[in-house]
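Text of work-v7.cif, listed as mmCIF, C-alpha atoms; chains and numbers go by the auth columns:
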data_run
#
loop_
_atom_site.group_PDB
_atom_site.id
_atom_site.type_symbol
_atom_site.label_atom_id
_atom_site.label_comp_id
_atom_site.label_asym_id
_atom_site.label_seq_id
_atom_site.Cartn_x
_atom_site.Cartn_y
_atom_site.Cartn_z
_atom_site.B_iso_or_equiv
_atom_site.auth_seq_id
_atom_site.auth_asym_id
ATOM 1 C CA MET A 1 76.970 67.552 59.431 0.00 1 A
ATOM 2 C CA ARG A 2 80.393 67.441 57.814 0.00 2 A
ATOM 3 C CA VAL A 3 80.628 66.962 54.064 0.00 3 A
ATOM 4 C CA CYS A 4 83.738 65.125 52.973 0.00 4 A
ATOM 5 C CA VAL A 5 84.925 66.217 49.543 0.00 5 A
ATOM 6 C CA GLN A 6 86.609 63.342 47.744 0.00 6 A
ATOM 7 C CA ARG A 7 87.395 63.031 44.088 0.00 7 A
ATOM 8 C CA PHE A 8 85.360 60.636 41.978 0.00 8 A
ATOM 9 C CA ALA A 9 86.427 59.357 38.616 0.00 9 A
ATOM 10 C CA LYS A 10 84.429 60.690 35.718 0.00 10 A
ATOM 11 C CA PHE A 11 82.068 57.918 34.672 0.00 11 A
ATOM 12 C CA SER A 12 82.082 56.376 31.235 0.00 12 A
ATOM 13 C CA GLY A 13 79.670 57.735 28.633 0.00 13 A
ATOM 14 C CA ASN A 14 77.837 54.400 28.628 0.00 14 A
ATOM 15 C CA ILE A 15 76.011 55.097 31.875 0.00 15 A
ATOM 16 C CA LYS A 16 72.880 57.182 31.356 0.00 16 A
ATOM 17 C CA GLU A 17 71.404 57.400 34.874 0.00 17 A
ATOM 18 C CA LEU A 18 71.998 56.375 38.495 0.00 18 A
ATOM 19 C CA ARG A 19 69.159 55.857 40.974 0.00 19 A
ATOM 20 C CA LEU A 20 69.584 55.351 44.688 0.00 20 A
ATOM 21 C CA HIS A 21 66.539 54.108 46.628 0.00 21 A
ATOM 22 C CA PHE A 22 66.516 54.011 50.418 0.00 22 A
ATOM 23 C CA CYS A 23 64.404 54.493 53.544 0.00 23 A
ATOM 24 C CA GLN A 24 64.699 57.772 55.463 0.00 24 A
ATOM 25 C CA THR A 25 64.764 56.036 58.855 0.00 25 A
ATOM 26 C CA GLY A 26 65.449 52.322 58.399 0.00 26 A
ATOM 27 C CA GLU A 27 68.602 50.836 59.888 0.00 27 A
ATOM 28 C CA ALA A 28 69.299 48.826 56.707 0.00 28 A
ATOM 29 C CA SER A 29 69.509 52.136 54.776 0.00 29 A
ATOM 30 C CA LYS A 30 71.885 53.897 57.163 0.00 30 A
ATOM 31 C CA GLY A 31 74.912 53.467 54.884 0.00 31 A
ATOM 32 C CA ALA A 32 73.001 54.746 51.851 0.00 32 A
ATOM 33 C CA ARG A 33 71.933 57.870 53.768 0.00 33 A
ATOM 34 C CA GLU A 34 75.510 58.465 54.935 0.00 34 A
ATOM 35 C CA TYR A 35 76.744 57.965 51.369 0.00 35 A
ATOM 36 C CA VAL A 36 74.457 60.733 50.101 0.00 36 A
ATOM 37 C CA GLN A 37 75.628 63.109 52.831 0.00 37 A
ATOM 38 C CA ARG A 38 79.348 62.380 52.415 0.00 38 A
ATOM 39 C CA TYR A 39 79.883 61.593 48.741 0.00 39 A
ATOM 40 C CA TYR A 40 77.036 62.905 46.597 0.00 40 A
ATOM 41 C CA PRO A 41 78.432 66.466 46.215 0.00 41 A
ATOM 42 C CA SER A 42 81.734 65.173 44.803 0.00 42 A
ATOM 43 C CA LEU A 43 80.033 62.641 42.564 0.00 43 A
ATOM 44 C CA LYS A 44 77.778 65.287 41.055 0.00 44 A
ATOM 45 C CA LYS A 45 80.656 67.741 40.657 0.00 45 A
ATOM 46 C CA GLU A 46 82.672 65.198 38.664 0.00 46 A
ATOM 47 C CA ASN A 47 79.647 64.068 36.594 0.00 47 A
ATOM 48 C CA PRO A 48 77.458 67.171 36.151 0.00 48 A
ATOM 49 C CA GLU A 49 75.574 65.891 33.086 0.00 49 A
ATOM 50 C CA LEU A 50 74.706 62.492 34.594 0.00 50 A
ATOM 51 C CA PRO A 51 71.202 62.280 36.082 0.00 51 A
ATOM 52 C CA ILE A 52 71.554 60.998 39.653 0.00 52 A
ATOM 53 C CA LEU A 53 68.198 60.356 41.285 0.00 53 A
ATOM 54 C CA ILE A 54 67.858 60.017 45.059 0.00 54 A
ATOM 55 C CA ARG A 55 64.601 58.353 46.087 0.00 55 A
ATOM 56 C CA GLU A 56 63.527 58.112 49.716 0.00 56 A
ATOM 57 C CA CYS A 57 60.570 55.920 50.576 0.00 57 A
ATOM 58 C CA SER A 58 59.458 54.608 53.942 0.00 58 A
ATOM 59 C CA GLY A 59 60.163 50.916 54.423 0.00 59 A
ATOM 60 C CA VAL A 60 62.017 50.327 51.141 0.00 60 A
ATOM 61 C CA GLN A 61 65.202 48.253 51.092 0.00 61 A
ATOM 62 C CA PRO A 62 68.206 50.264 49.847 0.00 62 A
ATOM 63 C CA ARG A 63 69.143 49.565 46.236 0.00 63 A
ATOM 64 C CA LEU A 64 71.317 51.131 43.558 0.00 64 A
ATOM 65 C CA TRP A 65 70.152 51.115 39.935 0.00 65 A
ATOM 66 C CA ALA A 66 72.164 52.027 36.857 0.00 66 A
ATOM 67 C CA ARG A 67 70.736 52.545 33.376 0.00 67 A
ATOM 68 C CA TYR A 68 72.991 52.163 30.372 0.00 68 A
ATOM 69 C CA GLY A 69 72.517 52.617 26.646 0.00 69 A
ATOM 70 C CA MET A 70 69.798 50.668 24.846 0.00 70 A
ATOM 71 C CA GLY A 71 67.695 50.635 28.057 0.00 71 A
ATOM 72 C CA LYS A 72 69.865 48.051 29.833 0.00 72 A
ATOM 73 C CA GLU A 73 69.533 48.296 33.633 0.00 73 A
ATOM 74 C CA THR A 74 71.367 46.639 36.478 0.00 74 A
ATOM 75 C CA SER A 75 70.873 46.921 40.206 0.00 75 A
ATOM 76 C CA VAL A 76 72.572 45.896 43.416 0.00 76 A
ATOM 77 C CA SER A 77 71.269 45.665 46.972 0.00 77 A
ATOM 78 C CA LEU A 78 72.767 48.094 49.476 0.00 78 A
ATOM 79 C CA THR A 79 71.134 46.533 52.545 0.00 79 A
ATOM 80 C CA ASN A 80 73.258 47.011 55.672 0.00 80 A
ATOM 81 C CA LEU A 81 76.273 48.313 53.722 0.00 81 A
ATOM 82 C CA GLY A 82 78.388 51.178 55.033 0.00 82 A
ATOM 83 C CA ALA A 83 78.852 54.437 53.123 0.00 83 A
ATOM 84 C CA ASP A 84 82.251 53.357 51.773 0.00 84 A
ATOM 85 C CA ASP A 85 80.807 50.085 50.496 0.00 85 A
ATOM 86 C CA VAL A 86 77.987 51.994 48.797 0.00 86 A
ATOM 87 C CA ARG A 87 80.622 54.211 47.192 0.00 87 A
ATOM 88 C CA LYS A 88 82.455 51.159 45.836 0.00 88 A
ATOM 89 C CA ASN A 89 79.217 49.899 44.279 0.00 89 A
ATOM 90 C CA VAL A 90 78.505 53.297 42.717 0.00 90 A
ATOM 91 C CA GLU A 91 82.001 53.450 41.241 0.00 91 A
ATOM 92 C CA ALA A 92 81.750 49.891 39.919 0.00 92 A
ATOM 93 C CA MET A 93 78.453 50.635 38.187 0.00 93 A
ATOM 94 C CA GLY A 94 79.810 53.859 36.750 0.00 94 A
ATOM 95 C CA SER A 95 82.803 52.186 35.195 0.00 95 A
ATOM 96 C CA SER A 96 81.092 49.035 33.889 0.00 96 A
ATOM 97 C CA ARG A 97 79.518 48.269 30.525 0.00 97 A
#

Can the structure in the file be given as structure tokens, please?
Amino acid sequence: MRVCVQRFAKFSGNIKELRLHFCQTGEASKGAREYVQRYYPSLKKENPELPILIRECSGVQPRLWARYGMGKETSVSLTNLGADDVRKNVEAMGSSR
């Protein structure tokens, strides 16, 4: 397994938590699994204080959740997306609100 180290922008202070849900074996979650392998180390390095939760559950459809101030949450489906598309969604959630 090769880990690609790429620089992530530091997220805004408005985001309080990121959660990534995906299946360990499902084809629809393949991009989410690849995202965690390739990009998670850089994301965490650039945002060390941000809680980033990785949840694996058999049969679940891949989804990204972001929690902002005042308990506001948004989510986006990651079904059948590639790792780079997942990264774009993570960056968009981190810079919004």

For Thr79 in chain A, work out the shell of residues within 12 Å, counting only C-alpha atoms and skipping chain neighbours fewer than 6 positions away, then give it as a tab-separated table (two decimals) with C-alpha atoms, keeping the file's coordinate frame.
chain	number	residue	atom	x	y	z
A	20	LEU	CA	69.58	55.35	44.69
A	21	HIS	CA	66.54	54.11	46.63
A	22	PHE	CA	66.52	54.01	50.42
A	23	CYS	CA	64.40	54.49	53.54
A	26	GLY	CA	65.45	52.32	58.40
A	27	GLU	CA	68.60	50.84	59.89
A	28	ALA	CA	69.30	48.83	56.71
A	29	SER	CA	69.51	52.14	54.78
A	30	LYS	CA	71.89	53.90	57.16
A	31	GLY	CA	74.91	53.47	54.88
A	32	ALA	CA	73.00	54.75	51.85
A	33	ARG	CA	71.93	57.87	53.77
A	59	GLY	CA	60.16	50.92	54.42
A	60	VAL	CA	62.02	50.33	51.14
A	61	GLN	CA	65.20	48.25	51.09
A	62	PRO	CA	68.21	50.26	49.85
A	63	ARG	CA	69.14	49.56	46.24
A	64	LEU	CA	71.32	51.13	43.56
A	85	ASP	CA	80.81	50.08	50.50
A	86	VAL	CA	77.99	51.99	48.80

Which residues, named as in the file, does the PyMOL selection byres ((chain A and resi 67) around 8) pick out? Answer as a count of residues only. 12

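Proximity of A:Arg19, A:Ser58, A:Tyr35, A:Thr25 to Leu81 in chain A, computed with all atoms listed in the file, is greatest for A:Tyr35.
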
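Put simply, CA of Asn47 in chain A is 26.4 Å away from CA of Asn80 in chain A.
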
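Taking only C-alpha atoms into account, Arg55 in chain A lies nearest to A:Val36 out of the set A:Val36, A:Val90, A:Gly13, A:Val76.
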
Quick one: distance from CA of Asn14 in chain A to CA of Gln37 in chain A in Å, one decimal? 25.8 Å
